[in-house]
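Peer 1: The following file, data.cif, comprises mmCIF, C-alpha atoms:
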```cif
data_model
#
loop_
_atom_site.label_atom_id
_atom_site.label_comp_id
_atom_site.auth_asym_id
_atom_site.auth_seq_id
_atom_site.Cartn_x
_atom_site.Cartn_y
_atom_site.Cartn_z
CA MET U 1 26.35 54.73 150.05
CA LYS U 2 24.40 52.07 151.99
CA VAL U 3 27.51 51.23 154.02
CA TYR U 4 27.87 54.85 155.13
CA LEU U 5 24.16 55.14 155.98
CA TYR U 6 24.21 51.99 158.12
CA PHE U 7 27.40 53.15 159.84
CA THR U 8 25.93 56.60 160.53
CA ILE U 9 22.74 55.12 161.95
CA ILE U 10 24.72 53.00 164.41
CA LEU U 11 26.80 56.01 165.46
CA PHE U 12 23.62 58.10 165.65
CA TYR U 13 22.01 55.69 168.11
CA PHE U 14 25.18 55.51 170.20
CA CYS U 15 25.31 59.30 170.55
CA ALA U 16 21.56 59.43 171.26
CA SER U 17 21.81 56.88 174.05
CA ALA U 18 24.97 58.42 175.52
CA SER U 19 23.85 62.07 175.43
CA ALA U 20 21.87 63.78 178.15
CA GLN U 21 20.91 67.35 178.84
CA GLU U 22 24.18 69.05 179.76
CA LYS U 23 24.27 70.41 183.31
CA LYS U 24 27.94 71.29 183.21
CA TYR U 25 29.56 73.16 180.35
CA TYR U 26 33.03 71.83 179.68
CA TYR U 27 33.99 74.07 176.74
CA TYR U 28 31.32 76.69 176.01
CA ASN U 29 31.63 79.78 178.22
CA PRO U 30 28.64 82.13 177.71
CA ASP U 31 30.26 84.74 179.96
CA ASN U 32 33.02 85.27 177.37
CA ASN U 33 31.28 87.81 175.11
CA PHE U 34 34.63 88.79 173.59
CA GLY U 35 37.42 87.22 171.58
CA SER U 36 37.21 83.87 169.83
CA ASP U 37 34.45 82.67 172.18
CA ALA U 38 32.21 85.54 171.06
CA LEU U 39 32.45 84.30 167.46
CA PHE U 40 31.40 80.75 168.27
CA ASN U 41 28.00 79.74 166.89
CA PRO U 42 26.69 77.01 164.54
CA LEU U 43 27.03 79.09 161.37
CA SER U 44 30.59 80.23 162.04
CA LEU U 45 31.46 76.61 162.90
CA LEU U 46 29.91 75.44 159.63
CA ILE U 47 31.91 77.98 157.61
CA ASN U 48 35.22 77.39 159.41
CA GLY U 49 34.80 73.63 159.22
CA SER U 50 33.44 73.38 155.67
CA PHE U 51 36.01 75.73 154.14
CA ASP U 52 39.02 74.92 156.32
CA VAL U 53 40.66 73.23 153.33
CA LEU U 54 40.73 76.48 151.33
CA ARG U 55 43.68 77.75 153.35
CA ASN U 56 45.98 74.84 152.47
CA GLY U 57 47.41 76.54 149.37
CA SER U 58 46.08 73.96 146.90
CA HIS U 59 42.63 75.38 146.19
CA SER U 60 41.04 78.50 144.83
CA LYS U 61 39.29 80.29 147.70
CA ASN U 62 36.48 81.44 145.40
CA ILE U 63 33.37 79.66 146.66
CA PHE U 64 32.05 79.40 143.08
CA ASP U 65 35.18 77.63 141.83
CA GLN U 66 34.61 74.50 143.92
CA TYR U 67 33.50 71.17 142.47
CA TYR U 68 30.82 70.55 145.09
CA GLY U 69 28.76 68.06 143.09
CA LYS U 70 31.69 65.97 141.88
CA GLY U 71 33.29 66.15 145.30
CA TYR U 72 30.22 64.93 147.16
CA ARG U 73 29.60 62.15 144.66
CA ASN U 74 33.13 60.85 145.01
CA VAL U 75 33.07 61.19 148.81
CA PHE U 76 29.94 59.05 149.09
CA TRP U 77 31.23 56.62 146.45
CA ASN U 78 34.32 56.03 148.60
CA LEU U 79 32.31 55.84 151.80
CA GLY U 80 30.13 53.19 150.18
CA ARG U 81 33.12 50.92 149.50
CA PRO U 82 35.70 51.62 152.24
CA LEU U 83 37.24 48.14 152.36
CA LYS U 84 37.77 48.11 148.59
CA THR U 85 39.42 51.56 148.71
CA ILE U 86 41.76 50.41 151.48
CA SER U 87 42.51 47.19 149.62
CA ASP U 88 43.39 49.13 146.46
CA TYR U 89 45.76 51.30 148.48
CA GLY U 90 47.20 48.39 150.47
CA TRP U 91 46.32 47.49 154.06
CA ASP U 92 49.90 47.69 155.34
CA ARG U 93 50.46 51.08 153.73
CA PHE U 94 47.08 52.31 155.00
CA VAL U 95 47.90 51.37 158.59
CA GLU U 96 51.42 52.80 158.35
CA LEU U 97 50.55 56.18 156.84
CA GLU U 98 46.98 56.85 157.92
CA ILE U 99 46.73 55.12 161.32
CA PHE U 100 50.12 55.05 163.06
CA ASN U 101 53.88 54.72 162.56
CA LEU U 102 57.03 55.62 164.47
CA GLU U 103 58.88 57.34 161.61
CA PHE U 104 59.72 61.06 161.90
CA ASN U 105 58.88 61.82 158.28
CA SER U 106 56.38 64.52 157.28
CA ASN U 107 55.38 62.47 154.22
CA LYS U 108 54.42 59.61 156.52
CA ALA U 109 52.67 61.61 159.23
CA ASN U 110 49.10 61.75 157.89
CA PHE U 111 47.88 60.08 161.07
CA LEU U 112 48.98 63.01 163.28
CA PRO U 113 46.52 65.61 161.90
CA ASN U 114 43.95 62.83 161.51
CA PHE U 115 44.00 62.18 165.25
CA ALA U 116 44.65 65.75 166.44
CA ASP U 117 42.07 67.42 164.19
CA HIS U 118 39.41 64.80 163.53
CA THR U 119 39.40 62.94 166.85
CA ILE U 120 40.44 65.48 169.50
CA GLY U 121 39.49 68.73 167.76
CA ASN U 122 36.26 67.59 166.16
CA GLY U 123 35.24 65.70 169.29
CA MET U 124 35.69 68.78 171.46
CA LEU U 125 33.75 70.99 169.02
CA TYR U 126 30.92 68.44 168.92
CA VAL U 127 30.52 68.79 172.69
CA LYS U 128 30.99 72.57 172.68
CA LEU U 129 28.26 72.95 170.07
CA LYS U 130 25.95 70.70 172.10
CA GLU U 131 26.54 73.04 175.01
CA TRP U 132 25.80 76.09 172.81
CA PHE U 133 22.48 74.62 171.64
CA HIS U 134 21.62 73.67 175.22
CA TYR U 135 22.41 77.15 176.55
CA TYR U 136 20.11 78.76 173.96
CA ASN U 137 17.32 76.23 174.69
CA TYR U 138 17.26 74.45 171.35
CA PRO U 139 15.56 71.04 171.33
CA ALA U 140 17.77 67.93 171.05
CA PRO U 141 21.16 69.71 171.34
CA TRP U 142 23.08 66.49 170.71
CA LEU U 143 21.17 65.86 167.46
CA LEU U 144 21.71 69.39 166.12
CA SER U 145 25.40 69.19 167.01
CA PHE U 146 25.75 65.72 165.49
CA LEU U 147 24.18 66.86 162.20
CA THR U 148 26.11 70.16 162.05
CA THR U 149 29.41 68.46 162.73
CA ASN U 150 28.86 65.79 160.09
CA VAL U 151 27.76 68.35 157.50
CA TYR U 152 30.90 70.47 157.79
CA GLN U 153 33.16 67.41 157.87
CA LEU U 154 31.66 65.96 154.68
CA THR U 155 31.62 69.36 152.95
CA ASN U 156 35.30 69.90 153.74
CA GLU U 157 36.08 66.42 152.39
CA ALA U 158 34.08 67.15 149.22
CA ILE U 159 35.92 70.44 148.57
CA GLU U 160 39.26 68.77 149.28
CA ASN U 161 38.35 65.95 146.88
CA GLY U 162 37.59 68.47 144.12
CA LYS U 163 37.04 66.97 140.68
CA HIS U 164 38.96 63.78 141.44
CA LYS U 165 37.02 60.65 140.51
CA GLY U 166 38.24 57.44 142.07
CA PRO U 167 39.55 55.99 145.34
CA ASN U 168 40.44 58.57 148.01
CA ILE U 169 42.13 56.95 150.98
CA ASP U 170 42.40 60.00 153.26
CA LEU U 171 38.67 60.60 153.60
CA VAL U 172 38.05 56.93 154.45
CA ALA U 173 40.43 57.21 157.40
CA ASP U 174 39.05 60.62 158.43
CA VAL U 175 35.35 59.72 158.36
CA TYR U 176 35.26 56.08 159.39
CA ILE U 177 38.03 56.01 161.97
CA PHE U 178 39.11 59.35 163.41
CA ASN U 179 35.79 61.25 163.27
CA VAL U 180 33.95 58.30 164.77
CA LEU U 181 36.56 57.89 167.49
CA GLY U 182 36.07 61.56 168.40
CA PHE U 183 32.28 61.25 168.65
CA ILE U 184 32.57 58.17 170.85
CA LEU U 185 35.36 59.34 173.16
CA PHE U 186 33.85 62.76 173.82
CA GLU U 187 30.54 61.23 174.87
CA PHE U 188 32.32 60.11 178.06
CA ASP U 189 32.70 62.48 181.00
CA PHE U 190 36.25 61.35 181.75
CA MET U 191 37.37 62.57 178.32
CA ASN U 192 35.71 65.96 178.75
CA ARG U 193 37.05 66.34 182.28
CA PHE U 194 40.54 65.59 181.00
CA PHE U 195 40.40 68.20 178.22
CA SER U 196 38.68 70.84 180.33
CA GLU U 197 40.48 70.36 183.67
CA THR U 198 43.58 68.14 183.52
CA LEU U 199 44.87 69.36 180.14
CA PRO U 200 42.58 72.27 179.27
CA MET U 201 41.74 72.65 175.60
CA TYR U 202 40.25 75.69 173.87
CA ASP U 203 38.82 76.55 170.47
CA TRP U 204 40.92 79.31 168.89
CA SER U 205 39.43 79.09 165.41
CA LEU U 206 39.83 81.82 162.83
CA GLN U 207 37.54 84.68 161.80
CA PRO U 208 35.98 83.89 158.40
CA MET U 209 35.96 86.86 156.03
CA PHE U 210 34.04 86.98 152.76
CA SER U 211 36.03 88.89 150.14
CA LEU U 212 33.66 91.06 148.12
CA ASN U 213 35.96 91.59 145.16
CA ASN U 214 36.58 87.91 144.36
CA THR U 215 33.74 86.05 146.15
CA SER U 216 36.22 84.13 148.29
CA PHE U 217 36.26 82.97 151.87
CA GLU U 218 39.48 84.13 153.50
CA ASN U 219 40.86 83.25 156.92
CA THR U 220 38.69 80.17 157.42
CA GLY U 221 39.86 77.32 159.59
CA GLN U 222 39.68 75.50 162.88
CA GLN U 223 42.51 75.91 165.38
CA TYR U 224 42.91 74.46 168.85
CA VAL U 225 45.16 75.03 171.83
CA VAL U 226 45.97 73.04 174.97
CA ARG U 227 47.73 74.76 177.84
CA LYS U 228 49.07 73.47 181.14
CA GLU U 229 50.63 75.35 184.04
CA LEU U 230 54.28 74.54 184.62
CA PRO U 231 55.17 73.07 188.01
CA PHE U 232 57.23 75.19 190.40
CA ILE U 233 57.15 78.23 188.06
CA ASP U 234 54.41 80.70 188.93
CA ASN U 235 52.42 82.35 186.12
CA TRP U 236 54.01 80.27 183.32
CA SER U 237 52.41 77.54 181.21
CA GLY U 238 53.37 75.40 178.25
CA PHE U 239 51.04 75.33 175.26
CA VAL U 240 50.50 73.56 171.94
CA PHE U 241 48.51 75.27 169.16
CA TRP U 242 47.43 73.19 166.18
CA GLY U 243 45.20 72.93 163.13
CA LEU U 244 46.90 73.79 159.86
CA ASN U 245 49.74 74.95 162.12
CA GLY U 246 51.67 73.01 164.73
CA ILE U 247 53.19 75.45 167.25
CA ALA U 248 54.49 74.96 170.78
CA GLY U 249 55.78 77.49 173.30
CA LEU U 250 55.25 79.28 176.61
CA SER U 251 52.46 81.43 178.03
CA TYR U 252 52.86 84.07 180.72
CA SER U 253 49.84 85.13 182.79
CA PRO U 254 50.62 87.99 185.18
CA ASN U 255 47.11 88.08 186.69
CA GLN U 256 45.60 84.63 185.99
CA ILE U 257 43.21 86.25 183.49
CA ASP U 258 45.30 87.69 180.65
CA SER U 259 47.92 85.51 178.96
CA TYR U 260 50.71 86.32 176.52
CA SER U 261 52.04 83.40 174.49
CA LEU U 262 54.98 82.95 172.13
CA GLY U 263 55.70 79.80 170.17
CA VAL U 264 57.54 78.30 167.22
CA GLY U 265 56.72 75.39 164.97
CA GLN U 266 55.55 74.52 161.50
CA VAL U 267 52.79 75.41 159.08
CA THR U 268 51.46 73.47 156.11
CA ASN U 269 51.87 75.75 153.11
CA LYS U 270 50.24 73.35 150.70
CA ILE U 271 48.56 69.97 150.63
CA ASN U 272 49.69 68.06 147.55
CA ALA U 273 47.29 65.59 145.96
CA ASN U 274 49.16 62.52 144.73
CA LEU U 275 47.93 59.71 142.50
CA ARG U 276 48.94 56.06 142.37
CA GLY U 277 47.07 55.03 139.28
CA ASN U 278 43.62 56.39 140.03
CA LEU U 279 44.03 56.31 143.81
CA ARG U 280 44.39 59.65 145.58
CA PHE U 281 46.40 60.40 148.74
CA LEU U 282 47.81 63.59 150.26
CA THR U 283 51.23 64.85 151.36
CA PRO U 284 52.10 68.27 152.88
CA ASP U 285 54.63 71.01 152.08
CA ILE U 286 55.98 72.26 155.41
CA ASP U 287 57.33 75.71 156.33
CA GLY U 288 58.50 77.36 159.55
CA ALA U 289 56.21 79.40 161.81
CA LEU U 290 56.52 81.91 164.66
CA ALA U 291 53.40 82.99 166.57
CA PHE U 292 52.32 85.43 169.27
CA PHE U 293 48.95 85.24 171.06
CA PHE U 294 47.09 87.34 173.59
CA ASP U 295 44.01 85.89 175.28
CA ARG U 296 41.71 86.79 178.15
CA ASN U 297 40.06 84.07 180.20
CA ASN U 298 41.24 81.62 177.50
CA SER U 299 39.33 83.43 174.74
CA LEU U 300 41.73 84.56 172.00
CA LEU U 301 41.93 88.33 171.41
CA LEU U 302 45.02 88.64 169.18
CA SER U 303 47.13 86.31 167.08
CA VAL U 304 50.12 87.14 164.92
CA LEU U 305 51.48 84.34 162.73
CA VAL U 306 54.69 84.73 160.73
CA THR U 307 55.67 81.95 158.32
CA GLY U 308 58.64 81.28 156.05
CA PRO U 309 61.23 81.14 154.64
CA LYS U 310 59.74 79.26 151.65
CA LEU U 311 56.66 81.48 151.54
CA PRO U 312 57.19 84.54 153.78
CA ASN U 313 53.84 85.68 155.13
CA ILE U 314 52.22 87.38 158.11
CA ARG U 315 48.66 86.98 159.35
CA VAL U 316 47.11 89.13 162.06
CA ASN U 317 43.76 88.35 163.69
CA ILE U 318 42.29 90.94 166.05
CA TYR U 319 39.19 89.51 167.71
CA PRO U 320 36.18 91.44 169.06
CA GLY U 321 36.91 93.04 172.41
CA LEU U 322 40.50 94.14 171.83
CA VAL U 323 40.01 97.49 170.06
CA LYS U 324 37.11 99.93 169.85
CA ILE U 325 36.00 102.02 166.87
CA GLY U 326 33.34 104.43 168.06
CA GLY U 327 30.99 102.31 170.11
CA LEU U 328 31.88 99.12 168.22
CA THR U 329 34.52 96.50 168.88
CA PRO U 330 35.25 94.80 165.55
CA GLY U 331 37.03 91.68 164.50
CA ILE U 332 39.83 92.44 162.02
CA PHE U 333 41.98 90.23 159.79
CA ILE U 334 45.07 91.26 157.80
CA GLY U 335 47.12 88.89 155.65
CA LEU U 336 50.24 90.00 153.78
CA GLY U 337 53.01 88.16 151.94
CA GLU U 338 53.74 85.42 149.44
CA TRP U 339 50.86 83.31 150.72
CA ASP U 340 48.09 85.91 151.02
CA LYS U 341 49.43 88.71 148.78
CA PHE U 342 47.12 91.19 150.56
CA VAL U 343 43.85 90.45 152.35
CA PHE U 344 41.83 92.65 154.71
CA GLY U 345 38.55 91.89 156.44
CA ILE U 346 36.43 93.33 159.25
CA ASN U 347 33.40 92.19 161.23
CA PHE U 348 31.52 94.87 163.16
CA TYR U 349 29.04 92.53 164.80
CA HIS U 350 30.57 89.55 166.50
CA HIS U 351 27.46 87.34 166.38
CA LEU U 352 27.61 87.20 162.58
CA PRO U 353 29.16 84.03 161.12
CA PHE U 354 31.64 85.97 158.96
CA GLY U 355 32.94 89.45 158.22
CA LEU U 356 33.42 91.33 154.94
CA GLY U 357 36.59 92.44 153.21
CA PHE U 358 38.64 92.31 150.06
CA GLY U 359 41.69 90.36 149.02
CA PHE U 360 44.16 89.53 146.30
CA SER U 361 45.27 86.08 147.44
CA HIS U 362 46.30 83.41 144.94
CA LYS U 363 43.35 82.82 142.65
CA HIS U 364 43.99 79.15 141.95
CA GLY U 365 46.13 78.18 144.91
CA ILE U 366 49.87 78.41 145.42
CA LYS U 367 51.99 77.15 142.54
CA ARG U 368 55.13 75.42 143.75
#
```
Any chance you could give the structure as structure tokens?

Peer 2:
Amino acid sequence: MKVYLYFTIILFYFCASASAQEKKYYYYNPDNNFGSDALFNPLSLLINGSFDVLRNGSHSKNIFDQYYGKGYRNVFWNLGRPLKTISDYGWDRFVELEIFNLEFNSNKANFLPNFADHTIGNGMLYVKLKEWFHYYNYPAPWLLSFLTTNVYQLTNEAIENGKHKGPNIDLVADVYIFNVLGFILFEFDFMNRFFSETLPMYDWSLQPMFSLNNTSFENTGQQYVVRKELPFIDNWSGFVFWGLNGIAGLSYSPNQIDSYSLGVGQVTNKINANLRGNLRFLTPDIDGALAFFFDRNNSLLLSVLVTGPKLPNIRVNIYPGLVKIGGLTPGIFIGLGEWDKFVFGINFYHHLPFGLGFGFSHKHGIKR
């Protein structure tokens, strides 16, 4: 525990010295009062980040079924002895699987989501949340963002850890290497200029829905997209959408405001926890994915995700601003298939951190 505290203090002082009152907003757009941008706030970020792991097919989504206490204890136990955990796992294997390798093998690609989600994604959200706090005149925006981001990262690791007691190599890599790299890199203007101008990146996270009939969080998770205009082809761009999914394709923008995107790729149906003795590491089950998106001014209004053939499923997210019911413009989520069974949720007020619904998704995760 002392190791983690000392490490956090050093990172804390780096961020404090590097941060200043933001005069330019790289990622937060207060004019977008619709779509995925309208749902962005600290509480929705906390829920999406903390419970992201519940959509990986390995966990019950019931918030009362989680081993929070055991998970946190084991997370901090590992963070207090990182070198010993790595040594137990093997330094060569740790570098190969968790840091970098050149093999095209899904069982040896842990480093890809580590870097994409924890460094690039988490780093961008850290800055976007700073900008949110600054826009609403909160004191010390960098501090509030730093604390919020660390809380949801550790909570997600604790839920993912579950009741396991012992070395957990994945969280050591996530927390000490990739999260820290994200905090540091995104404190520099060149990094934020790159991901807001050169290769624009946007937060297309999901709409959390609390299921009243089984006290579960459905449709939680952080998703990101980068999009770049294609040279010599007017109105067309290439994009990559990632999080639990990895999808690439083309976007068409007839008016430079609205964009229609279609892509193919993969989705992680389930994260498998593996043990070597008492040491825990993770491997994914991969399935195919086809996705359609509609966004306005880079704020997501509609997503349709079809996965299969192992677990055929469809998920539809309609964000606030696309449809009107009376004088309201709700956010709506529908999930149907082998993965979700049937889930429906709705949010009538887009500043709330989550909507309400009901669902019949797998109670204890997907059995494969």

Peer 1: What is the distance between atom CA of U:His118 and atom CA of U:Gln153, in Å to one decimal?

Peer 2: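 So the two atoms, atom CA of U:His118 and atom CA of U:Gln153, lie 8.8 Å apart.
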
Peer 1: For the provided coordinates, the residues matched by the PyMOL selection byres ((chain U and resi 307) around 7) should be stated as a list of chain:residue names.

Peer 2: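 Answer for the PyMOL selection byres ((chain U and resi 307) around 7): U:Asp287, U:Gly288, U:Ala289, U:Leu290, U:Leu305, U:Val306, U:Gly308, U:Pro309, U:Leu311, U:Pro312, U:Asn313, U:Ile314.
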
Peer 1: Can you tell me how far atom CA of U:Glu98 sits from atom CA of U:Asn219, in Å to one decimal?

Peer 2: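 Computed distance, atom CA of U:Glu98 to atom CA of U:Asn219, equals 27.1 Å.
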
Peer 1: Hey, what's within 9 Å of stretch 179-193 of chain U if we count all atoms listed in the file and toss same-chain stuff fewer than 6 positions away? As a PyMOL selection string, please?

Peer 2: chain U and resi 11+14-15+18-19+26-27+114-115+117-124+126-127+146+150+153+173+199-200

Peer 1: Pick out the closest residue to U:Ile99 from this set: U:Trp142, U:Tyr67, U:Tyr349, U:Phe178. Count only C-alpha atoms.

Peer 2: U:Phe178

Peer 1: Could you jot down the atom CA of U:Asn298 to atom CA of U:Val323 separation for me, Å, one decimal place?

Peer 2: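 Separation between atom CA of U:Asn298 and atom CA of U:Val323: 17.6 Å.
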
Peer 1: Anything within 8 Å of (54.0, 74.5, 153.5): list those residues as a PDB file with C-alpha atoms, in the coordinates of the input, counting only C-alpha atoms and sticking to the file's coordinates.

Peer 2:
```
ATOM      1  CA  VAL U 267      52.790  75.410 159.080  1.00  0.00           C
ATOM      2  CA  THR U 268      51.460  73.470 156.110  1.00  0.00           C
ATOM      3  CA  ASN U 269      51.870  75.750 153.110  1.00  0.00           C
ATOM      4  CA  LYS U 270      50.240  73.350 150.700  1.00  0.00           C
ATOM      5  CA  ILE U 271      48.560  69.970 150.630  1.00  0.00           C
ATOM      6  CA  PRO U 284      52.100  68.270 152.880  1.00  0.00           C
ATOM      7  CA  ASP U 285      54.630  71.010 152.080  1.00  0.00           C
ATOM      8  CA  ILE U 286      55.980  72.260 155.410  1.00  0.00           C
ATOM      9  CA  ASP U 287      57.330  75.710 156.330  1.00  0.00           C
ATOM     10  CA  LYS U 310      59.740  79.260 151.650  1.00  0.00           C
ATOM     11  CA  LEU U 311      56.660  81.480 151.540  1.00  0.00           C
TER      12      LEU U 311
END
```

Peer 1: Residues picked by the PyMOL selection byres ((chain U and resi 29) around 12) here, as an MDAnalysis selection string?

Peer 2: chainID U and resid 24:28 30:41 128:129 131:132 135 196 202:203 297:299

Peer 1: Take the PyMOL selection byres ((chain U and resi 356) around 8), apply it to the structure above, and return the hits as a list in words.

Peer 2: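 Answer for the PyMOL selection byres ((chain U and resi 356) around 8): Met209, Phe210, Ser211, Leu212, Gly345, Ile346, Asn347, Phe354, Gly355, Gly357 and Phe358 of chain U.
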
Peer 1: Between U:Glu96, U:Pro320, U:Leu250, U:Lys84, which has the minimum distance to U:Trp236 (counting only C-alpha atoms)?

Peer 2: U:Leu250

Peer 1: Which residue is closest to U:Leu352? Choose from U:Asp258, U:Pro113, U:Gly331, U:Trp77 and count only C-alpha atoms.

Peer 2: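 Smallest distance to U:Leu352 is found for U:Gly331.
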
Peer 1: Quick one: what's the axis-aligned box for stretch 146-151 of chain U, all listed atoms, 6 Å on every side, centre and edges in Å to one decimal, as lines of an AutoDock Vina configuration file?

Peer 2:
```
center_x = 26.8
center_y = 67.9
center_z = 161.5
size_x = 17.2
size_y = 16.4
size_z = 20.0
```

Peer 1: Got a minute to add N, CA and C atoms to stretch 237-250 of chain U and dump it as a tab-separated table (two decimals), in the frame of the given file?

Peer 2:
```tsv
chain	number	residue	atom	x	y	z
U	237	SER	N	53.03	78.78	181.70
U	237	SER	CA	52.41	77.54	181.21
U	237	SER	C	53.06	77.15	179.89
U	238	GLY	N	53.01	75.88	179.58
U	238	GLY	CA	53.37	75.40	178.25
U	238	GLY	C	52.11	75.24	177.42
U	239	PHE	N	52.22	75.46	176.12
U	239	PHE	CA	51.04	75.33	175.26
U	239	PHE	C	51.41	74.68	173.93
U	240	VAL	N	50.40	74.07	173.30
U	240	VAL	CA	50.50	73.56	171.94
U	240	VAL	C	49.29	74.08	171.17
U	241	PHE	N	49.54	74.67	170.03
U	241	PHE	CA	48.51	75.27	169.16
U	241	PHE	C	48.54	74.52	167.84
U	242	TRP	N	47.40	74.00	167.41
U	242	TRP	CA	47.43	73.19	166.18
U	242	TRP	C	46.15	73.34	165.37
U	243	GLY	N	46.24	72.91	164.15
U	243	GLY	CA	45.20	72.93	163.13
U	243	GLY	C	45.97	72.76	161.83
U	244	LEU	N	45.98	73.79	160.99
U	244	LEU	CA	46.90	73.79	159.86
U	244	LEU	C	48.33	74.01	160.35
U	245	ASN	N	48.44	74.66	161.51
U	245	ASN	CA	49.74	74.95	162.12
U	245	ASN	C	50.00	73.96	163.25
U	246	GLY	N	51.27	73.75	163.55
U	246	GLY	CA	51.67	73.01	164.73
U	246	GLY	C	52.71	73.83	165.47
U	247	ILE	N	52.32	74.49	166.55
U	247	ILE	CA	53.19	75.45	167.25
U	247	ILE	C	53.19	75.14	168.74
U	248	ALA	N	54.36	75.19	169.34
U	248	ALA	CA	54.49	74.96	170.78
U	248	ALA	C	55.31	76.09	171.38
U	249	GLY	N	55.03	76.41	172.65
U	249	GLY	CA	55.78	77.49	173.30
U	249	GLY	C	55.34	77.70	174.73
U	250	LEU	N	55.52	78.92	175.22
U	250	LEU	CA	55.25	79.28	176.61
U	250	LEU	C	54.25	80.42	176.69
```
